[in-house]
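*Asks:* Below you'll find final14.txt; it's compact mmCIF, C-alpha atoms.
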```txt
# COMPACT_ATOMS: atom_id res chain seq x y z
CA MET A 1 0.00 0.00 0.00
CA ILE A 2 1.37 3.40 -0.96
CA HIS A 3 0.97 6.16 1.58
CA ARG A 4 1.21 9.82 0.83
CA PRO A 5 3.91 11.25 3.06
CA ILE A 6 2.67 12.72 6.32
CA THR A 7 3.17 16.49 6.29
CA GLU A 8 3.34 19.12 9.01
CA ASP A 9 -0.15 20.23 7.93
CA ASP A 10 -1.45 16.69 8.49
CA LEU A 11 -0.11 16.72 12.03
CA HIS A 12 -1.92 19.94 12.85
CA ALA A 13 -5.11 18.75 11.21
CA TYR A 14 -4.75 15.58 13.30
CA VAL A 15 -4.44 17.66 16.48
CA ASP A 16 -7.50 19.68 15.45
CA GLY A 17 -9.45 16.54 14.55
CA VAL A 18 -10.33 17.69 11.05
CA LEU A 19 -8.81 14.87 8.97
CA GLU A 20 -10.85 12.41 6.96
CA PRO A 21 -11.05 9.13 8.90
CA GLU A 22 -8.80 7.35 6.41
CA ARG A 23 -6.08 9.96 6.59
CA GLU A 24 -6.42 10.15 10.34
CA ALA A 25 -5.68 6.42 10.54
CA GLU A 26 -2.60 6.90 8.36
CA VAL A 27 -1.32 9.67 10.63
CA ALA A 28 -1.99 7.54 13.70
CA ALA A 29 -0.01 4.70 12.16
CA HIS A 30 2.83 7.07 11.35
CA LEU A 31 2.90 8.32 14.93
CA GLU A 32 3.22 4.78 16.25
CA GLY A 33 6.42 4.40 14.34
CA HIS A 34 7.80 7.82 15.29
CA PRO A 35 7.65 8.34 19.04
CA ASP A 36 9.34 11.74 18.98
CA VAL A 37 6.78 13.07 16.50
CA ALA A 38 4.05 11.44 18.56
CA ARG A 39 5.25 13.23 21.70
CA ARG A 40 5.17 16.54 19.88
CA VAL A 41 1.66 15.90 18.56
CA ALA A 42 0.53 14.87 22.03
CA ALA A 43 1.99 18.07 23.46
CA PHE A 44 0.09 20.12 20.87
CA SER A 45 -3.11 18.28 21.77
CA ASP A 46 -2.57 18.96 25.48
CA GLN A 47 -1.88 22.58 24.68
CA ARG A 48 -5.12 22.77 22.68
CA ASP A 49 -7.13 21.26 25.56
CA LEU A 50 -5.51 23.56 28.06
CA LEU A 51 -6.29 26.66 25.99
CA ARG A 52 -9.89 25.61 25.50
CA LYS A 53 -10.37 24.94 29.20
CA ALA A 54 -8.66 28.16 30.21
CA LEU A 55 -10.87 30.22 27.90
CA ALA A 56 -14.13 28.31 28.36
CA PRO A 57 -15.29 30.28 31.44
CA ILE A 58 -15.46 33.48 29.38
CA ALA A 59 -18.08 31.97 27.10
CA ASP A 60 -20.06 30.79 30.14
CA GLU A 61 -20.33 34.23 31.69
CA PRO A 62 -23.75 35.85 31.57
CA LEU A 63 -23.85 38.46 28.83
CA PRO A 64 -23.48 42.06 29.99
CA PRO A 65 -26.47 44.30 29.18
CA GLN A 66 -24.46 46.22 26.57
CA LEU A 67 -24.47 43.08 24.41
CA ASN A 68 -28.24 42.70 24.31
CA LEU A 69 -28.78 41.86 20.66
CA SER A 70 -32.57 42.20 20.63
CA GLY A 71 -32.14 45.72 22.00
CA MET A 72 -29.74 46.58 19.20
CA ILE A 73 -32.03 45.17 16.55
CA GLU A 74 -34.96 47.07 18.03
CA THR A 75 -33.00 50.34 18.11
CA ARG A 76 -31.94 49.78 14.54
CA ARG A 77 -35.48 49.06 13.43
CA ARG A 78 -36.80 52.25 15.02
CA ARG A 79 -34.13 54.43 13.55
CA PRO A 80 -35.01 55.72 10.10
CA SER A 81 -32.63 54.59 7.39
CA PRO A 82 -30.06 57.07 6.03
CA ILE A 83 -32.22 57.46 2.92
CA TRP A 84 -35.02 58.71 5.13
CA TRP A 85 -32.71 61.26 6.63
CA ALA A 86 -31.84 62.49 3.15
CA VAL A 87 -35.51 62.79 2.24
CA ALA A 88 -36.20 64.62 5.49
CA ALA A 89 -33.31 66.99 4.86
CA LEU A 90 -34.61 67.79 1.38
CA LEU A 91 -38.07 68.41 2.77
CA MET A 92 -36.66 70.69 5.44
CA LEU A 93 -34.73 72.64 2.81
CA SER A 94 -37.78 73.10 0.64
CA ILE A 95 -40.09 74.16 3.46
CA GLY A 96 -37.51 75.69 5.76
CA GLY A 97 -39.01 79.16 5.72
CA LEU A 98 -42.50 77.91 6.26
CA GLY A 99 -41.29 75.50 8.99
CA GLY A 100 -39.88 78.32 11.04
CA TRP A 101 -43.13 80.17 10.86
CA VAL A 102 -45.21 77.17 11.93
CA MET A 103 -42.90 76.51 14.85
CA ARG A 104 -43.30 80.05 16.04
CA GLY A 105 -47.03 79.66 15.93
CA ASN A 106 -46.95 76.48 17.99
CA LEU A 107 -44.58 77.55 20.70
CA GLN A 108 -45.14 80.41 23.00
CA GLY A 109 -42.38 82.92 23.41
CA SER A 110 -39.79 84.07 20.94
CA PRO A 111 -38.07 81.70 18.50
CA GLY A 112 -34.99 80.18 20.02
CA GLY A 113 -36.16 81.13 23.49
CA LEU A 114 -36.88 79.07 26.57
CA ALA A 115 -39.92 77.32 25.14
CA ALA A 116 -37.90 76.09 22.19
CA LEU A 117 -35.09 74.97 24.47
CA ALA A 118 -37.53 73.09 26.69
CA GLN A 119 -38.97 71.36 23.63
CA GLU A 120 -35.49 70.38 22.40
CA ALA A 121 -34.65 68.92 25.80
CA ALA A 122 -37.89 66.94 25.86
CA TYR A 123 -37.19 65.58 22.34
CA SER A 124 -33.67 64.61 23.36
CA TYR A 125 -34.97 62.85 26.40
CA SER A 126 -37.56 60.89 24.47
CA VAL A 127 -35.03 59.84 21.82
CA TYR A 128 -31.97 59.05 23.93
CA ALA A 129 -33.14 58.21 27.44
CA PRO A 130 -34.97 54.98 26.43
CA ASP A 131 -31.92 53.84 24.43
CA ARG A 132 -30.44 50.83 26.20
CA VAL A 133 -27.60 50.39 23.77
CA ARG A 134 -25.96 53.75 23.25
CA PRO A 135 -27.82 56.51 25.08
CA VAL A 136 -24.71 58.67 25.07
CA GLU A 137 -21.97 59.06 22.54
CA MET A 138 -19.19 59.73 25.03
CA ARG A 139 -19.27 58.02 28.36
CA ALA A 140 -18.68 59.48 31.78
CA SER A 141 -15.18 57.97 31.81
CA ASP A 142 -14.29 60.42 29.03
CA SER A 143 -16.03 63.39 30.65
CA ALA A 144 -13.02 65.71 30.27
CA GLN A 145 -12.97 65.17 26.50
CA LEU A 146 -16.75 65.42 26.40
CA VAL A 147 -16.70 68.84 28.05
CA GLN A 148 -13.90 70.03 25.81
CA TRP A 149 -15.67 68.77 22.71
CA VAL A 150 -19.05 70.37 23.43
CA SER A 151 -17.41 73.59 24.65
CA ASN A 152 -15.55 73.82 21.34
CA ARG A 153 -18.69 73.18 19.34
CA LEU A 154 -20.87 75.57 21.36
CA LYS A 155 -18.04 78.13 21.38
CA GLN A 156 -18.83 78.61 25.06
CA PRO A 157 -17.31 77.06 28.14
CA VAL A 158 -19.79 74.39 29.22
CA THR A 159 -20.02 73.28 32.82
CA LEU A 160 -20.69 69.63 33.45
CA PRO A 161 -23.16 69.46 36.35
CA ASP A 162 -22.25 67.05 39.12
CA LEU A 163 -25.49 65.59 40.44
CA THR A 164 -24.07 62.89 42.71
CA GLY A 165 -25.34 64.91 45.67
CA SER A 166 -28.86 64.42 44.29
CA GLY A 167 -28.33 60.72 43.73
CA TYR A 168 -27.70 60.87 39.98
CA ARG A 169 -24.55 59.64 38.30
CA LEU A 170 -23.26 61.01 35.02
CA MET A 171 -23.66 58.48 32.20
CA GLY A 172 -22.09 60.69 29.54
CA GLY A 173 -23.29 62.97 26.84
CA ARG A 174 -23.45 63.96 23.23
CA LEU A 175 -23.92 66.87 20.88
CA ILE A 176 -27.49 67.51 19.75
CA ALA A 177 -28.62 69.30 16.61
CA THR A 178 -31.27 71.94 17.19
CA SER A 179 -32.65 74.51 14.79
CA HIS A 180 -30.72 77.05 16.87
CA GLY A 181 -27.37 75.33 16.46
CA PRO A 182 -25.59 72.67 18.46
CA ALA A 183 -26.57 71.89 22.04
CA ALA A 184 -24.83 69.77 24.65
CA MET A 185 -26.79 66.95 26.22
CA PHE A 186 -25.70 65.28 29.44
CA MET A 187 -27.45 62.19 30.76
CA TYR A 188 -27.59 60.91 34.32
CA ASP A 189 -29.14 57.95 36.05
CA ASP A 190 -29.86 56.93 39.60
CA ASP A 191 -29.66 53.57 41.33
CA ARG A 192 -33.07 52.56 40.04
CA GLY A 193 -32.11 53.34 36.47
CA SER A 194 -34.29 56.41 36.03
CA ARG A 195 -32.64 58.90 33.76
CA LEU A 196 -32.32 62.66 33.58
CA VAL A 197 -31.22 64.83 30.70
CA VAL A 198 -29.63 68.25 30.97
CA LEU A 199 -29.55 70.21 27.71
CA THR A 200 -27.59 73.42 27.32
CA ARG A 201 -26.93 75.77 24.41
CA PRO A 202 -26.28 79.46 23.75
CA MET A 203 -29.50 81.48 23.63
CA ILE A 204 -30.40 83.66 20.69
CA SER A 205 -33.22 85.37 22.53
CA GLU A 206 -34.17 85.33 26.21
CA GLN A 207 -30.55 85.30 27.23
CA ASN A 208 -31.54 85.68 30.86
CA ALA A 209 -34.77 84.10 31.98
CA PRO A 210 -35.99 82.84 35.34
CA MET A 211 -36.51 79.14 35.88
CA ALA A 212 -39.86 77.96 34.51
CA PRO A 213 -41.48 74.54 34.67
CA HIS A 214 -42.50 72.75 31.49
CA SER A 215 -44.10 69.44 30.75
CA GLY A 216 -45.32 67.44 27.81
CA GLY A 217 -46.06 63.78 27.24
CA ASP A 218 -44.70 61.84 30.19
CA VAL A 219 -41.72 64.06 30.84
CA SER A 220 -41.46 67.26 32.78
CA GLY A 221 -38.68 69.65 33.50
CA PHE A 222 -37.38 73.12 34.19
CA ALA A 223 -35.76 75.60 31.84
CA TRP A 224 -33.90 78.83 32.51
CA ALA A 225 -31.20 81.03 30.98
CA ASP A 226 -28.25 82.70 32.61
CA GLY A 227 -25.81 85.04 30.91
CA GLY A 228 -26.58 83.89 27.40
CA MET A 229 -26.63 80.15 28.10
CA GLY A 230 -29.92 78.29 28.28
CA TYR A 231 -30.49 75.17 30.36
CA SER A 232 -33.22 72.64 30.56
CA LEU A 233 -33.42 69.65 32.84
CA VAL A 234 -35.99 66.98 32.00
CA GLY A 235 -36.91 63.61 33.40
CA GLN A 236 -39.82 61.36 34.17
CA ALA A 237 -39.66 62.04 37.88
CA ALA A 238 -42.26 64.29 39.50
CA ALA A 239 -41.70 68.00 38.92
CA GLU A 240 -41.27 68.69 42.63
CA SER A 241 -38.35 66.25 42.82
CA LEU A 242 -36.77 67.73 39.68
CA LYS A 243 -36.92 71.31 40.95
CA PRO A 244 -34.13 71.01 43.56
CA ILE A 245 -31.93 69.24 41.00
CA ALA A 246 -32.50 72.04 38.49
CA ASN A 247 -31.59 74.53 41.21
CA GLU A 248 -28.40 72.59 41.85
CA VAL A 249 -27.50 72.64 38.13
CA ARG A 250 -28.08 76.38 38.03
CA ARG A 251 -26.05 76.95 41.19
CA GLN A 252 -23.09 74.97 39.82
CA ALA A 253 -23.20 76.75 36.44
CA ARG A 254 -23.17 80.10 38.20
CA THR A 255 -20.29 79.28 40.52
CA THR A 256 -17.90 77.89 37.94
CA MET B 1 -35.14 40.11 11.74
CA ASN B 2 -35.72 36.88 13.63
CA ASP B 3 -33.06 35.27 11.48
CA MET B 4 -30.60 37.82 12.68
CA LEU B 5 -31.34 37.08 16.32
CA ARG B 6 -31.39 33.33 15.79
CA LEU B 7 -28.11 33.25 13.89
CA ILE B 8 -26.06 35.87 15.71
CA GLU B 9 -27.06 35.40 19.32
CA PRO B 10 -25.56 31.93 19.82
CA VAL B 11 -22.20 33.21 18.55
CA ILE B 12 -21.92 36.07 21.08
CA PRO B 13 -20.23 34.02 23.84
CA ALA B 14 -17.56 32.86 21.36
CA LEU B 15 -17.05 36.41 20.09
CA ARG B 16 -16.53 37.60 23.66
CA ARG B 17 -14.05 34.82 24.29
CA TYR B 18 -12.06 35.63 21.15
CA ALA B 19 -12.06 39.36 21.88
CA ARG B 20 -11.00 38.80 25.48
CA ALA B 21 -8.20 36.46 24.49
CA LEU B 22 -6.96 39.03 21.97
CA VAL B 23 -7.10 42.19 24.08
CA ARG B 24 -7.08 40.67 27.59
CA ASN B 25 -9.32 43.30 29.11
CA ARG B 26 -12.97 42.65 29.77
CA ALA B 27 -14.29 46.16 29.17
CA THR B 28 -12.25 46.72 26.01
CA ALA B 29 -13.22 43.29 24.69
CA ASP B 30 -16.92 43.80 25.34
CA ASP B 31 -16.79 47.21 23.67
CA LEU B 32 -15.30 45.53 20.61
CA VAL B 33 -18.01 42.88 20.63
CA GLN B 34 -20.67 45.57 20.99
CA ASP B 35 -19.28 47.42 17.96
CA CYS B 36 -19.13 44.13 16.10
CA LEU B 37 -22.76 43.31 16.85
CA GLU B 38 -23.94 46.78 15.89
CA ARG B 39 -22.15 46.47 12.58
CA ALA B 40 -23.50 43.00 12.05
CA VAL B 41 -27.04 44.26 12.66
CA SER B 42 -26.67 47.21 10.33
CA HIS B 43 -24.86 45.26 7.58
CA TRP B 44 -26.83 42.06 7.90
CA GLY B 45 -27.77 42.16 4.22
CA GLN B 46 -24.12 42.04 3.19
CA ARG B 47 -23.24 38.69 4.71
CA ARG B 48 -22.86 35.56 2.67
CA GLU B 49 -25.44 32.85 2.97
CA GLY B 50 -24.69 30.04 5.36
CA ASP B 51 -22.86 29.96 8.67
CA PRO B 52 -22.50 33.56 9.91
CA ARG B 53 -19.61 32.70 12.24
CA PRO B 54 -16.73 33.50 9.86
CA TRP B 55 -18.43 36.75 8.89
CA LEU B 56 -18.91 37.79 12.52
CA PHE B 57 -15.34 36.86 13.43
CA THR B 58 -14.11 38.86 10.43
CA ILE B 59 -15.91 41.99 11.63
CA LEU B 60 -14.63 41.49 15.17
CA HIS B 61 -11.09 40.77 14.08
CA ASN B 62 -10.92 43.90 11.93
CA LEU B 63 -12.25 46.01 14.81
CA ALA B 64 -9.63 44.49 17.11
CA LEU B 65 -6.92 45.28 14.55
CA SER B 66 -7.89 48.94 14.38
CA GLN B 67 -8.03 48.97 18.15
CA PHE B 68 -4.46 47.62 18.26
CA ARG B 69 -3.35 50.26 15.78
CA ARG B 70 -5.02 53.03 17.75
CA SER B 71 -3.49 52.01 21.04
CA ALA B 72 -0.09 51.51 19.39
CA ARG B 73 -0.27 55.01 17.94
CA ARG B 74 -1.25 56.51 21.27
CA GLY B 75 1.25 54.32 23.04
CA LYS B 76 -1.60 53.52 25.33
CA HIS B 77 -1.29 50.59 27.62
CA ILE B 78 -4.40 48.50 27.95
CA ALA B 79 -4.67 47.27 31.48
CA ILE B 80 -4.76 43.53 31.82
CA ASP B 81 -7.58 42.30 33.96
CA GLU B 82 -6.76 40.96 37.34
CA ALA B 83 -6.43 37.24 37.07
CA ASN B 84 -9.26 36.10 39.29
CA GLU B 85 -12.07 38.04 40.78
CA ASP B 86 -13.79 35.00 42.19
CA ASP B 87 -13.20 33.32 45.47
CA PHE B 88 -11.96 29.77 45.36
CA GLY B 89 -12.66 27.50 48.24
CA GLN B 90 -10.47 24.63 47.19
CA ASP B 91 -6.76 24.51 46.62
CA ALA B 92 -7.20 22.16 43.69
CA VAL B 93 -9.45 24.63 41.94
CA GLN B 94 -7.04 27.41 42.76
CA GLU B 95 -4.12 25.46 41.35
CA GLN B 96 -6.01 24.72 38.17
CA LYS B 97 -6.93 28.38 37.81
CA LEU B 98 -3.28 29.32 38.14
CA MET B 99 -2.39 26.85 35.43
CA TYR B 100 -5.01 28.35 33.15
CA GLN B 101 -3.81 31.83 33.94
CA ASP B 102 -0.28 30.75 33.17
CA VAL B 103 -1.12 29.41 29.72
CA LEU B 104 -3.08 32.60 28.95
CA ASP B 105 -0.07 34.70 29.95
CA LYS B 106 2.06 32.65 27.60
CA LEU B 107 -0.52 32.93 24.85
CA ALA B 108 -0.40 36.69 25.28
CA ARG B 109 3.32 36.65 24.51
CA LEU B 110 2.76 35.22 21.04
CA PRO B 111 2.85 37.67 18.14
CA ASP B 112 -0.68 38.96 17.44
CA ASP B 113 -1.00 37.24 14.06
CA GLN B 114 0.03 33.84 15.44
CA ARG B 115 -2.25 34.19 18.45
CA ALA B 116 -5.21 35.04 16.22
CA VAL B 117 -4.74 31.91 14.09
CA LEU B 118 -4.31 29.65 17.10
CA LEU B 119 -7.45 31.04 18.78
CA LEU B 120 -9.63 30.84 15.69
CA VAL B 121 -8.58 27.30 14.86
CA ALA B 122 -7.91 25.60 18.19
CA VAL B 123 -10.44 27.38 20.40
CA GLU B 124 -13.18 28.70 18.12
CA ASP B 125 -13.17 25.65 15.84
CA LEU B 126 -13.09 27.60 12.60
CA SER B 127 -11.96 25.55 9.63
CA TYR B 128 -8.56 26.46 8.18
CA ALA B 129 -10.35 27.93 5.17
CA ASP B 130 -12.63 30.06 7.36
CA ALA B 131 -9.69 31.25 9.45
CA ALA B 132 -7.98 32.29 6.21
CA ARG B 133 -11.10 34.26 5.28
CA VAL B 134 -11.33 35.97 8.65
CA LEU B 135 -7.67 36.98 8.60
CA ASP B 136 -7.64 37.68 4.88
CA ILE B 137 -4.54 35.56 4.29
CA PRO B 138 -3.86 32.46 2.13
CA ILE B 139 -4.58 29.12 3.74
CA GLY B 140 -0.89 28.21 3.51
CA THR B 141 -0.13 31.19 5.72
CA VAL B 142 -2.75 30.00 8.20
CA MET B 143 -0.96 26.65 8.40
CA SER B 144 2.51 28.12 8.83
CA ARG B 145 1.32 30.59 11.48
CA LEU B 146 -0.53 27.82 13.29
CA SER B 147 2.61 25.72 13.29
CA ARG B 148 4.78 28.57 14.56
CA ALA B 149 2.20 29.52 17.21
CA ARG B 150 2.08 25.97 18.56
CA GLU B 151 5.86 25.60 18.56
CA LYS B 152 6.37 28.89 20.31
CA LEU B 153 3.68 28.30 22.89
CA GLN B 154 5.09 24.84 23.54
CA GLN B 155 8.56 26.29 24.07
CA GLU B 156 7.07 28.75 26.54
CA ILE B 157 5.24 25.99 28.35
CA GLU B 158 8.29 23.77 28.53
CA GLY B 159 10.74 26.61 29.01
CA PRO B 160 12.87 26.78 32.18
CA ALA B 161 11.11 29.89 33.49
CA GLY B 162 7.66 28.54 32.94
CA GLY B 163 7.37 26.15 35.85
CA ALA B 164 6.42 23.50 33.33
CA PRO B 165 6.09 19.82 34.08
CA LYS B 166 9.64 18.56 34.51
CA ASN B 167 9.19 15.26 32.76
CA VAL B 168 8.52 16.78 29.34
CA VAL B 169 11.44 16.38 26.98
CA GLN B 170 12.47 19.35 24.90
CA LEU B 171 11.50 18.45 21.36
CA ARG B 172 13.05 19.47 18.14
CA SER B 173 10.73 20.70 15.46
CA MET B 174 10.16 18.40 12.55
CA LYS B 175 12.05 19.01 9.36
```
Could you render the structure as structure tokens?
*Replies:*
Amino acid sequence: MIHRPITEDDLHAYVDGVLEPEREAEVAAHLEGHPDVARRVAAFSDQRDLLRKALAPIADEPLPPQLNLSGMIETRRRRPSPIWWAVAALLMLSIGGLGGWVMRGNLQGSPGGLAALAQEAAYSYSVYAPDRVRPVEMRASDSAQLVQWVSNRLKQPVTLPDLTGSGYRLMGGRLIATSHGPAAMFMYDDDRGSRLVVLTRPMISEQNAPMAPHSGGDVSGFAWADGGMGYSLVGQAAAESLKPIANEVRRQARTT
Amino acid sequence: MNDMLRLIEPVIPALRRYARALVRNRATADDLVQDCLERAVSHWGQRREGDPRPWLFTILHNLALSQFRRSARRGKHIAIDEANEDDFGQDAVQEQKLMYQDVLDKLARLPDDQRAVLLLVAVEDLSYADAARVLDIPIGTVMSRLSRAREKLQQEIEGPAGGAPKNVVQLRSMK
């Protein structure tokens, strides 16, 4: 019987158990006649087992929430496709002038004022706060870069409110597009997972305005403006529990 | 939609294992897997029919590569996770854990390209052809890297500093 010579590749395929049965038998026979090769192959097999056992526990760990695939698919499904964005942009271009007029009719106060800011914060909350996959673009661990980034884009120094005293941890933030230019959004959550959003941007009108409550849908919040910067804090908590937090945000922005 | 869930979800534990073995840091690895899954979901239409595993590993591997390049450029050191966070009641279990940790440390000393081949083939059970696809190299290169990875790891295991079993004879590689 003529055997094809056993190659290095055959030995590895033997270790990995991927040879055809016939060839596997030929390799096994070869190993019987070559104890030094057999020892090497056995060592590779042991090594393979050891690696698999050493790494197996990782695959047995429960998946962290960030790897929830159904959540990702759901988020993806809800998000309009890029083509939709293009269509929407075209529509906005064609009716831009009219759009501005309609908005002014719907919202009380001057365009770009507190009412608009409050609305933008409520939109941001309803889009990003329910997102379980990527509610923020930059996480709290990168808060220094986050602040620098949004300050550059807003062309204003932005203060990052610290709400740990009120029981809310910073999750991170992102830049938001509004019809009055970029705004910075910061998101927080507490131990029960309820989330808060603080939105801030330079004000075109109403550059100084006292704190006013606003609500709509299932969110409520407070908006105010200080020295040209507008702020709005929104959440699903009761307005009376949001008020002291809004005061704290305002106090911190004033003192830094 | 359901297809996506049904085909991708069972692969996630293996993707985590591969990512962790490559970057050796739980948070960094899971971030890579998250990016990988998001890409898989948004590019689902671009996969080839059949087993999605090679496709998913390809996405993950390419993300890991750019991660390596980024951290090399920044000169950033990625912290290696502490070996064991769990409590072990028994010495035997503890000893075994140390042995596992030891082989993972040695694996980490392999060149990245050799480690990737060894992991894909010996741990993730990809065929040689699929590993070649994931790494975008000819199958002959897969075989030579696999061979070098196994030789090098074996030298580490048997090496004098490794605390290896003393009865293993140092072997010459085959001509």
*Asks:* Please, which residues in chain B fall within 9 Å of chain A when counting all atoms listed in the file, and what is the closest atom pair and distance in Å to one decimal for each, ordered by chain then residue number, as JSON lines?
*Replies:*
```
{"residue": "B:Met1", "atom": "CA", "partner": "A:Ile73", "partner_atom": "CA", "distance": 7.6}
{"residue": "B:Met4", "atom": "CA", "partner": "A:Ile73", "partner_atom": "CA", "distance": 8.4}
{"residue": "B:Leu5", "atom": "CA", "partner": "A:Ser70", "partner_atom": "CA", "distance": 6.8}
{"residue": "B:Ile8", "atom": "CA", "partner": "A:Leu69", "partner_atom": "CA", "distance": 8.2}
{"residue": "B:Glu9", "atom": "CA", "partner": "A:Leu69", "partner_atom": "CA", "distance": 6.8}
{"residue": "B:Ile12", "atom": "CA", "partner": "A:Leu67", "partner_atom": "CA", "distance": 8.2}
{"residue": "B:Pro13", "atom": "CA", "partner": "A:Ala59", "partner_atom": "CA", "distance": 4.4}
{"residue": "B:Ala14", "atom": "CA", "partner": "A:Ala59", "partner_atom": "CA", "distance": 5.8}
{"residue": "B:Leu15", "atom": "CA", "partner": "A:Ala59", "partner_atom": "CA", "distance": 8.4}
{"residue": "B:Arg16", "atom": "CA", "partner": "A:Ala59", "partner_atom": "CA", "distance": 6.8}
{"residue": "B:Arg17", "atom": "CA", "partner": "A:Ile58", "partner_atom": "CA", "distance": 5.4}
{"residue": "B:Tyr18", "atom": "CA", "partner": "A:Leu55", "partner_atom": "CA", "distance": 8.7}
{"residue": "B:Arg20", "atom": "CA", "partner": "A:Ile58", "partner_atom": "CA", "distance": 8.0}
{"residue": "B:Ala21", "atom": "CA", "partner": "A:Leu55", "partner_atom": "CA", "distance": 7.6}
{"residue": "B:Asp30", "atom": "CA", "partner": "A:Leu67", "partner_atom": "CA", "distance": 7.6}
{"residue": "B:Asp31", "atom": "CA", "partner": "A:Gln66", "partner_atom": "CA", "distance": 8.3}
{"residue": "B:Val33", "atom": "CA", "partner": "A:Leu67", "partner_atom": "CA", "distance": 7.5}
{"residue": "B:Gln34", "atom": "CA", "partner": "A:Leu67", "partner_atom": "CA", "distance": 5.7}
{"residue": "B:Leu37", "atom": "CA", "partner": "A:Leu69", "partner_atom": "CA", "distance": 7.3}
{"residue": "B:Glu38", "atom": "CA", "partner": "A:Met72", "partner_atom": "CA", "distance": 6.7}
{"residue": "B:Val41", "atom": "CA", "partner": "A:Ile73", "partner_atom": "CA", "distance": 6.4}
{"residue": "B:Ser42", "atom": "CA", "partner": "A:Arg76", "partner_atom": "CA", "distance": 7.2}
{"residue": "B:Lys97", "atom": "CA", "partner": "A:Ala54", "partner_atom": "CA", "distance": 7.8}
{"residue": "B:Met99", "atom": "CA", "partner": "A:Ala54", "partner_atom": "CA", "distance": 8.3}
{"residue": "B:Tyr100", "atom": "CA", "partner": "A:Ala54", "partner_atom": "CA", "distance": 4.7}
{"residue": "B:Gln101", "atom": "CA", "partner": "A:Ala54", "partner_atom": "CA", "distance": 7.1}
{"residue": "B:Val103", "atom": "CA", "partner": "A:Leu51", "partner_atom": "CA", "distance": 6.9}
{"residue": "B:Leu104", "atom": "CA", "partner": "A:Ala54", "partner_atom": "CA", "distance": 7.2}
{"residue": "B:Leu107", "atom": "CA", "partner": "A:Leu51", "partner_atom": "CA", "distance": 8.6}
{"residue": "B:Leu118", "atom": "CA", "partner": "A:Arg48", "partner_atom": "CA", "distance": 8.9}
{"residue": "B:Leu119", "atom": "CA", "partner": "A:Leu51", "partner_atom": "CA", "distance": 8.5}
{"residue": "B:Val121", "atom": "CA", "partner": "A:Asp16", "partner_atom": "CA", "distance": 7.7}
{"residue": "B:Ala122", "atom": "CA", "partner": "A:Arg48", "partner_atom": "CA", "distance": 6.0}
{"residue": "B:Val123", "atom": "CA", "partner": "A:Arg52", "partner_atom": "CA", "distance": 5.4}
{"residue": "B:Glu124", "atom": "CA", "partner": "A:Arg52", "partner_atom": "CA", "distance": 8.7}
{"residue": "B:Asp125", "atom": "CA", "partner": "A:Asp16", "partner_atom": "CA", "distance": 8.2}
{"residue": "B:Ser127", "atom": "CA", "partner": "A:Val18", "partner_atom": "CA", "distance": 8.2}
{"residue": "B:Tyr128", "atom": "CA", "partner": "A:Ala13", "partner_atom": "CA", "distance": 9.0}
{"residue": "B:Met143", "atom": "CA", "partner": "A:Asp9", "partner_atom": "CA", "distance": 6.5}
{"residue": "B:Ser144", "atom": "CA", "partner": "A:Asp9", "partner_atom": "CA", "distance": 8.4}
{"residue": "B:Leu146", "atom": "CA", "partner": "A:His12", "partner_atom": "CA", "distance": 8.0}
{"residue": "B:Ser147", "atom": "CA", "partner": "A:His12", "partner_atom": "CA", "distance": 7.4}
{"residue": "B:Arg150", "atom": "CA", "partner": "A:Phe44", "partner_atom": "CA", "distance": 6.6}
{"residue": "B:Glu151", "atom": "CA", "partner": "A:Phe44", "partner_atom": "CA", "distance": 8.3}
{"residue": "B:Leu153", "atom": "CA", "partner": "A:Gln47", "partner_atom": "CA", "distance": 8.2}
{"residue": "B:Gln154", "atom": "CA", "partner": "A:Phe44", "partner_atom": "CA", "distance": 7.4}
{"residue": "B:Ile157", "atom": "CA", "partner": "A:Gln47", "partner_atom": "CA", "distance": 8.7}
{"residue": "B:Val168", "atom": "CA", "partner": "A:Ala43", "partner_atom": "CA", "distance": 8.9}
{"residue": "B:Val169", "atom": "CA", "partner": "A:Arg39", "partner_atom": "CA", "distance": 8.7}
{"residue": "B:Leu171", "atom": "CA", "partner": "A:Arg40", "partner_atom": "CA", "distance": 6.8}
{"residue": "B:Arg172", "atom": "CA", "partner": "A:Arg40", "partner_atom": "CA", "distance": 8.6}
{"residue": "B:Ser173", "atom": "CA", "partner": "A:Arg40", "partner_atom": "CA", "distance": 8.2}
{"residue": "B:Met174", "atom": "CA", "partner": "A:Val37", "partner_atom": "CA", "distance": 7.4}
{"residue": "B:Lys175", "atom": "CA", "partner": "A:Glu8", "partner_atom": "CA", "distance": 8.7}
```
*Asks:* Go through A:Val249, A:Ala29, A:Val127, A:Leu175 and flag the residue nearest Trp224 in chain A, using all atoms listed in the file for the distances.
*Replies:*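 Counting all atoms listed in the file, the residue closest to Trp224 in chain A is A:Val249.
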*Asks:* Determine, counting all atoms listed in the file, every residue of protein, DNA or RNA that lies within 12 Å of (-30.3, 78.4, 39.9) in the file coordinates, then give the result as a ChimeraX atom specification.
*Replies:* /A:161,208-212,222-226,230-233,243-255
*Asks:* In terms of the shortest atom-to-atom distance over all atoms listed in the file, which of B:Ile137, B:Val23, B:Val11, B:Lys106 is closest to Ser71 in chain B?
*Replies:*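 Using all atoms listed in the file, the shortest distance to Ser71 in chain B belongs to B:Val23.
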*Asks:* Which residue is closest to His30 in chain A? Choose from A:Phe186, A:Ser241, A:Pro5, A:Val150 and count only C-alpha atoms.
*Replies:*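 Nearest candidate to His30 in chain A out of A:Phe186, A:Ser241, A:Pro5, A:Val150: A:Pro5.
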